[in-house]
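Chemist: Here you go, model-v2.cif (mmCIF, C-alpha atoms):
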```
data_data
loop_
_atom_site.label_atom_id
_atom_site.label_comp_id
_atom_site.auth_asym_id
_atom_site.auth_seq_id
_atom_site.Cartn_x
_atom_site.Cartn_y
_atom_site.Cartn_z
CA MET A 46 -150.66 76.64 -169.55
CA THR A 47 -147.60 78.63 -168.62
CA THR A 48 -145.91 78.41 -165.24
CA ARG A 49 -146.57 82.13 -164.91
CA ILE A 50 -150.34 81.64 -165.00
CA ALA A 51 -150.25 78.65 -162.66
CA LEU A 52 -148.19 80.60 -160.13
CA ALA A 53 -150.46 83.63 -160.48
CA VAL A 54 -153.58 81.56 -159.75
CA LEU A 55 -151.82 79.80 -156.87
CA HIS A 56 -150.61 83.08 -155.38
CA ALA A 57 -153.91 84.94 -155.77
CA ARG A 58 -156.07 82.16 -154.38
CA LEU A 59 -153.76 81.20 -151.53
CA TYR A 60 -153.63 84.86 -150.50
CA ALA A 61 -157.43 85.19 -150.68
CA GLN A 62 -157.85 81.97 -148.65
CA ARG A 63 -154.94 82.50 -146.30
CA ARG A 64 -157.13 82.20 -143.20
CA ILE A 65 -158.44 78.78 -144.21
CA VAL A 66 -154.88 77.63 -144.95
CA VAL A 67 -153.64 78.88 -141.58
CA TYR A 68 -156.53 77.24 -139.71
CA ALA A 69 -155.87 73.97 -141.57
CA CYS A 70 -152.19 74.09 -140.64
CA VAL A 71 -152.95 74.89 -136.99
CA ALA A 72 -155.44 72.01 -136.83
CA ALA A 73 -152.89 69.68 -138.43
CA PHE A 74 -150.17 70.77 -136.03
CA LEU A 75 -152.33 70.30 -132.92
CA ALA A 76 -153.58 66.91 -134.08
CA GLY A 77 -150.06 65.83 -135.04
CA PHE A 78 -148.79 66.83 -131.63
CA VAL A 79 -151.42 65.08 -129.50
CA GLN A 80 -152.61 62.16 -131.62
CA PRO A 81 -151.68 58.56 -130.85
CA ASP A 82 -149.41 56.72 -133.29
CA GLY A 83 -150.99 55.36 -136.44
CA LEU A 84 -152.02 56.26 -139.94
CA ALA A 85 -155.77 56.75 -139.52
CA ALA A 86 -155.72 60.13 -137.76
CA PRO A 87 -153.35 61.97 -140.11
CA LEU A 88 -154.84 60.39 -143.23
CA PHE A 89 -158.45 61.18 -142.42
CA LEU A 90 -157.81 64.58 -140.84
CA CYS A 91 -155.62 65.78 -143.70
CA SER A 92 -158.05 64.39 -146.29
CA LEU A 93 -160.81 66.34 -144.56
CA LEU A 94 -158.64 69.48 -144.66
CA GLY A 95 -157.91 68.86 -148.35
CA ILE A 96 -161.61 68.45 -149.12
CA THR A 97 -162.37 71.63 -147.16
CA THR A 98 -159.77 73.68 -149.05
CA ALA A 99 -161.04 72.21 -152.33
CA LEU A 100 -164.59 73.31 -151.50
CA ALA A 101 -163.24 76.78 -150.74
CA GLN A 102 -162.60 77.13 -154.49
CA SER A 103 -166.38 77.18 -155.09
CA PRO A 104 -167.59 80.12 -157.20
CA GLY A 105 -169.03 83.02 -155.22
CA LEU A 106 -166.62 83.05 -152.29
CA HIS A 107 -164.19 85.42 -154.04
CA PRO A 108 -166.28 87.07 -156.78
CA HIS A 109 -163.50 89.26 -158.17
CA LEU A 110 -161.23 86.23 -158.68
CA ASP A 111 -164.07 84.18 -160.18
CA SER A 112 -165.01 86.96 -162.59
CA CYS A 113 -161.37 87.36 -163.59
CA GLU A 114 -160.84 83.64 -164.21
CA GLN A 115 -164.12 83.12 -166.06
CA SER A 116 -163.38 85.89 -168.54
CA ALA A 117 -159.64 85.15 -168.86
CA PRO A 118 -158.38 83.82 -172.22
CA LEU A 119 -157.63 80.35 -170.86
CA PHE A 120 -158.88 76.90 -171.80
CA GLY A 121 -160.95 75.14 -169.15
CA ARG A 122 -158.39 72.40 -168.67
CA HIS A 123 -155.60 74.94 -168.18
CA LEU A 124 -157.59 76.84 -165.61
CA ALA A 125 -158.52 73.54 -163.94
CA ARG A 126 -154.86 72.55 -163.55
CA ALA A 127 -153.99 75.95 -162.13
CA LYS A 128 -156.94 75.93 -159.72
CA ALA A 129 -156.21 72.34 -158.68
CA LEU A 130 -152.77 73.45 -157.53
CA VAL A 131 -154.33 75.65 -154.85
CA PRO A 132 -156.06 73.08 -152.59
CA CYS A 133 -153.30 70.56 -153.32
CA ALA A 134 -150.68 73.05 -152.13
CA ALA A 135 -152.74 73.91 -149.04
CA ALA A 136 -153.32 70.22 -148.25
CA THR A 137 -149.63 69.40 -148.79
CA LEU A 138 -148.75 72.20 -146.40
CA ALA A 139 -151.14 70.78 -143.79
CA VAL A 140 -149.65 67.28 -144.22
CA GLY A 141 -146.16 68.78 -143.89
CA VAL A 142 -147.11 70.62 -140.70
CA TYR A 143 -148.61 67.42 -139.33
CA ALA A 144 -145.34 65.60 -140.08
CA VAL A 145 -143.34 68.34 -138.38
CA ALA A 146 -145.55 68.06 -135.28
CA GLU A 147 -145.09 64.29 -135.27
CA ALA A 148 -141.33 64.70 -135.61
CA LEU A 149 -141.28 67.12 -132.68
CA ARG A 150 -143.17 64.56 -130.63
CA GLY A 151 -140.61 61.91 -131.57
CA THR A 152 -142.94 59.64 -133.57
CA PRO A 153 -141.06 57.04 -135.66
CA ASP A 154 -141.48 56.67 -139.45
CA VAL A 155 -142.54 60.25 -139.99
CA ALA A 156 -141.29 60.27 -143.60
CA MET A 157 -143.25 57.12 -144.49
CA THR A 158 -146.39 58.51 -142.85
CA PHE A 159 -145.94 61.75 -144.79
CA VAL A 160 -145.77 59.92 -148.14
CA LEU A 161 -148.71 57.61 -147.35
CA VAL A 162 -150.91 60.45 -146.15
CA LEU A 163 -150.00 62.74 -149.04
CA GLY A 164 -150.73 59.92 -151.46
CA ALA A 165 -154.31 59.72 -150.16
CA VAL A 166 -154.91 63.44 -149.58
CA VAL A 167 -154.11 64.64 -153.11
CA PRO A 168 -156.64 62.43 -154.97
CA ALA A 169 -159.33 63.07 -152.33
CA THR A 170 -158.76 66.81 -152.78
CA LEU A 171 -158.89 66.57 -156.58
CA VAL A 172 -162.12 64.55 -156.50
CA ALA A 173 -163.66 67.14 -154.15
CA LEU A 174 -162.79 69.91 -156.62
CA SER A 175 -165.44 68.59 -159.01
CA ALA A 176 -168.02 69.29 -156.30
CA THR A 177 -167.22 73.01 -156.42
CA ILE A 178 -168.92 73.53 -159.79
CA ARG A 179 -171.96 71.44 -158.96
CA ARG A 180 -174.97 71.93 -156.74
CA GLY A 181 -177.36 69.74 -154.81
CA ALA A 182 -177.04 65.96 -154.96
CA PRO A 183 -174.09 65.82 -157.43
CA ARG A 184 -172.12 68.08 -155.11
CA VAL A 185 -172.78 65.83 -152.12
CA LEU A 186 -171.96 62.80 -154.23
CA TYR A 187 -168.54 64.17 -155.21
CA VAL A 188 -167.72 65.02 -151.59
CA ALA A 189 -168.78 61.51 -150.56
CA PHE A 190 -166.65 60.07 -153.37
CA ALA A 191 -163.68 62.09 -152.15
CA ALA A 192 -164.17 60.65 -148.65
CA CYS A 193 -164.39 57.16 -150.18
CA VAL A 194 -161.03 57.71 -151.91
CA ALA A 195 -159.42 58.42 -148.52
CA ILE A 196 -161.10 55.37 -146.98
CA ALA A 197 -160.04 53.15 -149.89
CA ALA A 198 -156.45 54.36 -149.66
CA TYR A 199 -156.41 53.66 -145.91
CA ALA A 200 -157.98 50.21 -146.38
CA LEU A 201 -155.42 49.36 -149.06
CA VAL A 202 -152.47 50.35 -146.90
CA SER A 203 -153.89 48.60 -143.83
CA ARG A 204 -154.50 45.32 -145.69
CA THR A 205 -151.60 45.12 -148.12
CA HIS A 206 -148.99 47.24 -146.30
CA SER A 207 -147.92 48.25 -149.78
CA LEU A 208 -146.87 51.80 -150.48
CA ILE A 209 -146.70 51.08 -154.23
CA ALA A 210 -150.28 49.76 -154.32
CA GLU A 211 -151.62 52.81 -152.48
CA LEU A 212 -149.69 55.30 -154.58
CA SER A 213 -150.68 53.54 -157.82
CA LEU A 214 -154.37 53.63 -156.95
CA CYS A 215 -154.16 57.24 -155.83
CA ALA A 216 -152.24 58.29 -158.95
CA ILE A 217 -154.92 56.78 -161.19
CA VAL A 218 -157.74 58.40 -159.20
CA ALA A 219 -155.93 61.76 -159.15
CA PHE A 220 -155.35 61.66 -162.93
CA VAL A 221 -158.98 60.82 -163.69
CA ALA A 222 -160.27 63.41 -161.19
CA LEU A 223 -158.12 66.18 -162.67
CA ARG A 224 -159.23 65.31 -166.22
CA GLN A 225 -162.84 65.23 -165.10
CA TYR A 226 -162.52 68.60 -163.37
CA GLY A 227 -160.92 70.14 -166.47
CA GLU A 228 -163.67 68.83 -168.74
CA ALA A 229 -166.39 70.02 -166.36
CA LEU A 230 -164.78 73.46 -165.97
CA GLY A 231 -164.51 73.79 -169.76
CA ARG A 232 -168.27 73.23 -170.09
CA TYR A 233 -169.17 75.22 -166.98
CA ASP A 234 -171.48 78.20 -167.47
CA PRO A 235 -171.34 80.56 -164.49
CA ILE A 236 -175.06 81.39 -164.66
CA MET B 87 -164.82 92.22 -202.38
CA LEU B 88 -165.70 90.75 -198.99
CA LEU B 89 -167.26 93.10 -196.49
CA PRO B 90 -165.65 93.13 -193.03
CA MET B 91 -167.57 91.17 -190.40
CA PRO B 92 -168.98 93.08 -187.44
CA LEU B 93 -167.01 92.81 -184.23
CA LEU B 94 -169.93 91.07 -182.55
CA ARG B 95 -172.63 89.21 -184.44
CA MET B 96 -175.49 87.53 -182.60
CA ARG B 97 -178.17 85.73 -184.58
CA GLU B 98 -181.14 84.29 -182.69
CA ALA B 99 -178.74 83.61 -179.83
CA THR B 100 -180.43 82.02 -176.86
CA PHE B 101 -179.26 80.61 -173.57
CA GLY B 102 -181.37 78.17 -171.67
CA THR B 103 -180.98 75.93 -168.66
CA GLY B 104 -183.60 74.70 -166.25
CA GLU B 105 -183.62 77.95 -164.27
CA ALA B 106 -182.16 80.65 -166.50
CA CYS B 107 -182.97 81.59 -170.06
CA ALA B 108 -182.31 84.55 -172.31
CA GLY B 109 -182.91 85.58 -175.89
CA PRO B 110 -183.26 85.10 -178.74
CA VAL B 111 -180.99 88.08 -179.42
CA THR B 112 -180.07 89.33 -182.89
CA LEU B 113 -177.64 92.23 -183.23
CA ASP B 114 -174.43 93.44 -184.83
CA VAL B 115 -171.86 95.65 -183.15
CA GLU B 116 -169.30 97.25 -185.42
CA ARG B 117 -165.80 98.37 -184.47
CA GLY B 118 -165.89 101.52 -182.32
CA GLU B 119 -169.69 101.45 -182.09
CA ARG B 120 -171.72 102.13 -178.94
CA ALA B 121 -174.73 99.86 -178.64
CA ALA B 122 -177.16 99.29 -175.82
CA LEU B 123 -179.53 96.40 -175.53
CA HIS B 124 -182.70 96.56 -173.50
CA VAL B 125 -183.99 93.23 -172.25
CA SER B 126 -186.87 92.30 -169.97
CA SER B 127 -185.06 91.40 -166.75
CA ALA B 128 -181.81 91.85 -164.86
CA ARG B 129 -181.12 88.13 -165.12
CA GLU B 130 -181.51 88.19 -168.88
CA ALA B 131 -179.26 91.25 -169.12
CA ALA B 132 -176.54 89.41 -167.20
CA ILE B 133 -176.84 86.32 -169.40
CA VAL B 134 -176.81 88.24 -172.68
CA ALA B 135 -173.75 90.23 -171.55
CA ALA B 136 -171.99 86.99 -170.61
CA MET B 137 -172.88 85.48 -174.01
CA ALA B 138 -171.57 88.56 -175.84
CA ALA B 139 -168.27 88.30 -173.95
CA ALA B 140 -167.93 84.51 -174.49
CA VAL B 141 -168.16 83.86 -170.76
CA VAL B 142 -171.17 81.61 -171.41
CA LYS B 143 -171.93 79.83 -174.66
CA ALA B 144 -175.21 80.17 -176.51
CA SER B 145 -177.47 77.12 -176.31
CA SER B 146 -178.79 77.80 -179.80
CA GLY B 147 -178.34 80.40 -182.51
CA CYS B 148 -175.05 81.98 -183.46
CA VAL B 149 -172.58 84.24 -181.68
CA LEU B 150 -169.43 85.36 -183.46
CA ILE B 151 -166.88 87.65 -181.81
CA ALA B 152 -164.49 89.06 -184.41
CA ASP B 153 -165.21 85.99 -186.55
CA TYR B 154 -164.41 83.60 -183.70
CA ASP B 155 -166.97 81.13 -182.42
CA PRO B 156 -167.04 80.94 -178.59
CA HIS B 157 -167.90 77.23 -178.77
CA VAL B 158 -164.56 76.35 -180.34
CA GLN B 159 -162.37 79.46 -180.03
CA SER B 160 -163.30 80.82 -176.62
CA VAL B 161 -159.73 81.88 -175.85
CA ALA B 162 -159.56 84.05 -178.99
CA CYS B 163 -163.02 85.49 -178.21
CA LYS B 164 -161.96 86.40 -174.68
CA ARG B 165 -158.95 88.27 -176.02
CA VAL B 166 -161.29 90.44 -178.11
CA ALA B 167 -164.17 90.97 -175.67
CA ALA B 168 -164.06 91.95 -172.00
CA LEU B 169 -166.97 91.69 -169.61
CA VAL B 170 -167.67 94.22 -166.88
CA PRO B 171 -169.99 92.53 -164.39
CA HIS B 172 -172.81 94.43 -162.76
CA GLU B 173 -171.80 93.55 -159.21
CA PRO B 174 -169.34 96.05 -157.69
CA PHE B 175 -166.02 94.86 -156.25
CA THR B 176 -165.46 95.75 -152.63
CA LEU B 177 -161.68 95.85 -152.62
CA ASN B 178 -159.25 98.03 -150.69
CA ASP B 179 -156.26 99.66 -152.41
CA ASP B 180 -153.94 96.74 -151.70
CA GLU B 181 -156.47 94.20 -152.95
CA PHE B 182 -157.08 96.29 -156.06
CA ALA B 183 -153.34 96.36 -156.80
CA ARG B 184 -153.26 92.57 -156.41
CA TYR B 185 -156.32 92.26 -158.64
CA ILE B 186 -154.66 94.26 -161.41
CA GLU B 187 -151.51 92.16 -161.13
CA TYR B 188 -153.58 88.97 -161.26
CA ARG B 189 -155.41 90.15 -164.34
CA ALA B 190 -152.15 91.15 -165.97
CA GLU B 191 -150.76 87.66 -165.36
CA LEU B 192 -153.85 85.90 -166.72
CA TRP B 193 -153.89 88.11 -169.83
CA LYS B 194 -150.10 87.80 -170.16
CA LEU B 195 -149.61 91.56 -169.96
CA GLU B 196 -146.49 93.33 -168.83
CA PRO B 197 -147.27 93.95 -165.12
CA ARG B 198 -145.62 97.36 -164.87
CA ARG B 199 -147.46 98.64 -167.93
CA ALA B 200 -150.75 97.20 -166.64
CA ARG B 201 -150.27 98.92 -163.28
CA ALA B 202 -149.47 102.24 -164.97
CA TYR B 203 -152.50 101.98 -167.25
CA ALA B 204 -154.72 101.05 -164.30
CA ALA B 205 -153.48 104.11 -162.39
CA GLU B 206 -154.17 106.31 -165.40
CA LEU B 207 -157.69 104.89 -165.74
CA ARG B 208 -158.26 105.36 -162.01
CA ARG B 209 -157.42 109.05 -162.39
CA GLN B 210 -159.69 109.28 -165.41
CA LEU B 211 -162.51 107.63 -163.45
CA ALA B 212 -161.88 109.65 -160.27
CA ASP B 213 -165.52 110.78 -160.08
CA MET B 214 -166.80 107.23 -160.29
CA HIS B 215 -167.35 105.13 -157.19
CA GLU B 216 -164.29 102.92 -156.81
CA ALA B 217 -166.31 99.72 -156.35
CA LEU B 218 -167.83 100.32 -159.79
CA ALA B 219 -164.62 101.63 -161.36
CA TYR B 220 -162.48 98.61 -160.40
CA PRO B 221 -164.22 96.04 -162.64
CA LEU B 222 -164.14 98.50 -165.54
CA ILE B 223 -160.44 99.22 -165.05
CA GLY B 224 -159.74 95.49 -164.82
CA ALA B 225 -161.56 94.92 -168.11
CA LEU B 226 -159.81 97.77 -169.91
CA ILE B 227 -156.22 96.91 -169.01
CA GLY B 228 -156.41 93.92 -171.36
CA MET B 229 -156.94 96.36 -174.29
CA PRO B 230 -160.13 94.67 -175.54
CA LYS B 231 -161.72 95.61 -178.87
CA LEU B 232 -165.19 95.08 -177.42
CA LEU B 233 -166.29 96.10 -173.95
CA VAL B 234 -169.46 94.40 -172.71
CA LEU B 235 -171.13 96.07 -169.75
CA ASP B 236 -173.75 94.29 -167.70
CA ARG B 237 -176.27 96.88 -166.47
CA PRO B 238 -173.84 99.78 -165.98
CA GLN B 239 -174.95 102.73 -163.87
CA PRO B 240 -176.38 105.42 -166.18
CA VAL B 241 -175.10 108.17 -163.88
CA TYR B 242 -171.53 107.24 -164.89
CA ALA B 243 -172.23 106.79 -168.60
CA GLN B 244 -170.02 109.66 -169.76
CA GLN B 245 -167.02 108.52 -167.75
CA VAL B 246 -167.44 104.90 -168.85
CA LEU B 247 -167.72 105.76 -172.54
CA ALA B 248 -164.79 108.17 -172.32
CA ALA B 249 -162.62 105.53 -170.62
CA ALA B 250 -163.56 102.99 -173.30
CA GLY B 251 -162.01 105.24 -175.95
CA GLU B 252 -162.10 103.67 -179.41
CA CYS B 253 -163.19 100.31 -178.04
CA ALA B 254 -166.66 99.18 -179.15
CA VAL B 255 -169.16 99.13 -176.29
CA LEU B 256 -172.21 96.94 -175.83
CA SER B 257 -174.21 97.46 -172.66
CA THR B 258 -177.18 95.41 -171.55
CA HIS B 259 -179.97 96.95 -169.49
CA ASP B 260 -183.24 96.04 -167.89
CA ASP B 261 -184.22 99.71 -167.99
CA ALA B 262 -184.94 101.47 -171.31
CA ALA B 263 -183.94 104.91 -170.00
CA ALA B 264 -180.52 103.63 -168.92
CA ALA B 265 -180.03 102.03 -172.34
CA ARG B 266 -180.71 105.36 -174.06
CA VAL B 267 -178.07 107.06 -171.92
CA PHE B 268 -175.42 104.61 -173.16
CA ALA B 269 -176.51 104.67 -176.81
CA PRO B 270 -178.58 107.81 -177.42
CA LYS B 271 -178.82 107.37 -181.19
CA ALA B 272 -181.92 105.43 -182.18
CA LEU B 273 -179.81 103.35 -184.56
CA HIS B 274 -177.82 102.04 -181.66
CA PHE B 275 -180.72 101.28 -179.43
CA LEU B 276 -181.54 97.66 -179.96
CA LYS B 277 -184.35 95.64 -178.54
CA ALA B 278 -184.16 91.91 -178.04
CA VAL B 279 -186.65 90.03 -180.17
CA GLU B 280 -189.42 88.72 -177.97
CA SER B 281 -189.64 84.96 -178.08
#
```
Any chance you could put this one into structure tokens?
Modeler:
Amino acid sequence: MTTRIALAVLHARLYAQRRIVVYACVAAFLAGFVQPDGLAAPLFLCSLLGITTALAQSPGLHPHLDSCEQSAPLFGRHLARAKALVPCAAATLAVGVYAVAEALRGTPDVAMTFVLVLGAVVPATLVALSATIRRGAPRVLYVAFAACVAIAAYALVSRTHSLIAELSLCAIVAFVALRQYGEALGRYDPI
Amino acid sequence: MLLPMPLLRMREATFGTGEACAGPVTLDVERGERAALHVSSAREAAIVAAMAAAVVKASSGCVLIADYDPHVQSVACKRVAALVPHEPFTLNDDEFARYIEYRAELWKLEPRRARAYAAELRRQLADMHEALAYPLIGALIGMPKLLVLDRPQPVYAQQVLAAAGECAVLSTHDDAAAARVFAPKALHFLKAVES
């Protein structure tokens, strides 16, 4: 996959979903400004926003983009990587806005919170992407699994207080989720 | 001496899932040919068109697009064949310009040339409703050798075939009269084999 294609997919989809991205950022800013100190609120809120933006990649919401991508001369795994960038970028933006709001409020350890939250949000978002090309129970299962990833990351940080442990777990989950999404998208028939 | 393969060869090609099924379809489309396929339902027409453009893969039987097998060489197939979906695109001018740029990026075309070609096609298809012209223009800017149309409007047949130029055209229809408009010669009017 070339950078050109990845940027094109990112640009086209972020533009088409600009309202969702703006709403996510506004929600993150408001929550970041009023929430009490702690990791639970930003981690779960931003994971929820990441899952929401991932589900916004479902086929049918932007038919002209879907039709274009399905008939484009790209391998499924290449398209999957490019499409995965979109909710990850939107979720990262929301986490960044949350961190900015926290910094404005004078919350300590904003940088550490940013890294911990981002570490959980990205794999949750990537797991939720697999739900976009499924229907019924498998779709619900993937969304539930994405929520479980966020809960597991939070539990790990709360118990071990280890950034390395959380990031390691999340990196493994994110890698497997992206591979899984690529394989599923390669076999996906849009009928 | 080996004879050249047809641009599109389908042999007993079927698609089947729990809800949707189509075929078996057997046909050949040569370079520059106009062919129309009449099938029994709109759903089947959409599936056969998607199979012919390598957007979906046949569950059984054989589909070859310019000698490439969509199961293993889908990227090469998609460079040869372009699908024009039945559903119109409701885009404004700005969104259409973005759509053309997006397509140009995905097909690795030179954006300025793609925009110019799209504008030329838009002028050529001035009489056609823009919502129906946009998917066709998007498909043609990639310079495909085979244009696959899913249930195109018969009223615009002349404009569509003129815009396609030397590109081979296969259209799928759930209406026999519409199929005849796109491929009036009996030779080119194909009927899916009833299963």
Chemist: List as a list in words the protein and nucleic acid residues near Ala229 of chain A, meaning an atom at most 8 Å away when all atoms listed in the file are counted, but skip any in the same chain fewer than 6 places from it.
Modeler: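 Selected residues are Gly121, Ser175 and Ile178 of chain A.
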Chemist: What does the distance between atom CA of Pro153 of chain A and atom CA of Val79 of chain A come to in Å, to one decimal place?
Modeler: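 Here the two named atoms are 14.5 Å from each other.
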Chemist: At what distance in Å, to one decimal, does atom CA of Ala139 of chain B lie from atom CA of Leu59 of chain A?
Modeler: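 Going from atom CA of Leu59 of chain A over to atom CA of Ala139 of chain B, I get 27.6 Å.
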Chemist: Give me the residues within 10 Å of Pro108 of chain A as an MDAnalysis selection string, counting all atoms listed in the file and dropping any in the same chain fewer than 3 places off.
Modeler: (chainID A and resid 104:105 111:114) or (chainID B and resid 173:176)
Chemist: Starting from the shown file, work through the PyMOL selection byres ((chain A and resi 168-174) around 9) and note down what comes out as a ChimeraX atom specification.
Modeler: /A:92-100,102-103,128-129,132-133,136,163-167,175-178,184,187-195,215-223,225-226
Chemist: Have a look at atom CA of Gly181 of chain A and atom CA of Ile236 of chain A and let me know their distance in Å, one decimal.
Modeler: 15.4 Å
Chemist: For each of A:Ala76, A:Pro87, A:Thr47, A:Ser207, take the minimum atom-to-atom distance to chain B, counting all atoms listed in the file, then give the residue where this is smallest.
Modeler: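 For chain B, the nearest of the candidates is A:Thr47.
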Chemist: Near chain A, meaning an atom within 6 Å, which residues of chain B appear when counting all atoms listed in the file? Write them as a list of chain:residue names.
Modeler: B:Val141, B:Val142, B:Val161, B:Lys164, B:Arg165, B:Leu192
Chemist: Rank nothing, just name the residue among A:Leu55, A:Glu228, A:Ala86, A:Ala197 nearest to Val131 of chain A, using all atoms listed in the file.
Modeler: A:Leu55
Chemist: Given the file shown, enumerate the residues that the PyMOL selection byres ((chain B and resi 228) around 12) captures and present them as a ChimeraX atom specification.
Modeler: /A:113,116-118 /B:164-169,186-197,199-201,203-204,221-227,229-233,250,253
Chemist: Here's the selection I'm unsure about, the PyMOL selection byres ((chain A and resi 159) around 9); applied to the file above, which residues does it give, as a compact mmCIF listing (two decimals) with C-alpha atoms, in the coordinates of the input?
Modeler:
```txt
# COMPACT_ATOMS: atom_id res chain seq x y z
CA PRO A 87 -153.35 61.97 -140.11
CA VAL A 140 -149.65 67.28 -144.22
CA GLY A 141 -146.16 68.78 -143.89
CA TYR A 143 -148.61 67.42 -139.33
CA ALA A 144 -145.34 65.60 -140.08
CA ASP A 154 -141.48 56.67 -139.45
CA VAL A 155 -142.54 60.25 -139.99
CA ALA A 156 -141.29 60.27 -143.60
CA MET A 157 -143.25 57.12 -144.49
CA THR A 158 -146.39 58.51 -142.85
CA VAL A 160 -145.77 59.92 -148.14
CA LEU A 161 -148.71 57.61 -147.35
CA VAL A 162 -150.91 60.45 -146.15
CA LEU A 163 -150.00 62.74 -149.04
CA GLY A 164 -150.73 59.92 -151.46
```
Chemist: For Ala200 of chain A, which residue out of A:Ser213, A:Ala127, A:Gln62, A:Leu84 is the nearest one, using all atoms listed in the file?
Modeler: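 Between A:Ser213, A:Ala127, A:Gln62, A:Leu84, the residue approaching Ala200 of chain A most closely is A:Leu84.
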Chemist: Pull C-alpha atoms for segment 151-171 of chain A from the block and write them as a PDB file, in the first residue's frame.
Modeler:
```
ATOM      1  CA  GLY A 151      -4.656  22.088  35.363  1.00  0.00           C
ATOM      2  CA  THR A 152      -4.841  18.305  35.839  1.00  0.00           C
ATOM      3  CA  PRO A 153      -1.437  16.731  36.636  1.00  0.00           C
ATOM      4  CA  ASP A 154       0.129  13.912  34.579  1.00  0.00           C
ATOM      5  CA  VAL A 155      -1.705  14.807  31.396  1.00  0.00           C
ATOM      6  CA  ALA A 156       1.002  13.274  29.184  1.00  0.00           C
ATOM      7  CA  MET A 157       0.898   9.944  31.045  1.00  0.00           C
ATOM      8  CA  THR A 158      -2.905   9.879  30.880  1.00  0.00           C
ATOM      9  CA  PHE A 159      -2.721  10.597  27.148  1.00  0.00           C
ATOM     10  CA  VAL A 160      -0.388   7.645  26.518  1.00  0.00           C
ATOM     11  CA  LEU A 161      -2.367   5.235  28.737  1.00  0.00           C
ATOM     12  CA  VAL A 162      -5.691   6.187  27.188  1.00  0.00           C
ATOM     13  CA  LEU A 163      -4.369   6.084  23.628  1.00  0.00           C
ATOM     14  CA  GLY A 164      -2.865   2.675  24.314  1.00  0.00           C
ATOM     15  CA  ALA A 165      -6.324   1.310  25.173  1.00  0.00           C
ATOM     16  CA  VAL A 166      -8.353   3.253  22.600  1.00  0.00           C
ATOM     17  CA  VAL A 167      -6.451   2.119  19.491  1.00  0.00           C
ATOM     18  CA  PRO A 168      -6.881  -1.664  20.002  1.00  0.00           C
ATOM     19  CA  ALA A 169     -10.529  -1.223  21.057  1.00  0.00           C
ATOM     20  CA  THR A 170     -11.129   0.753  17.859  1.00  0.00           C
ATOM     21  CA  LEU A 171      -9.362  -1.836  15.693  1.00  0.00           C
TER      22      LEU A 171
END
```
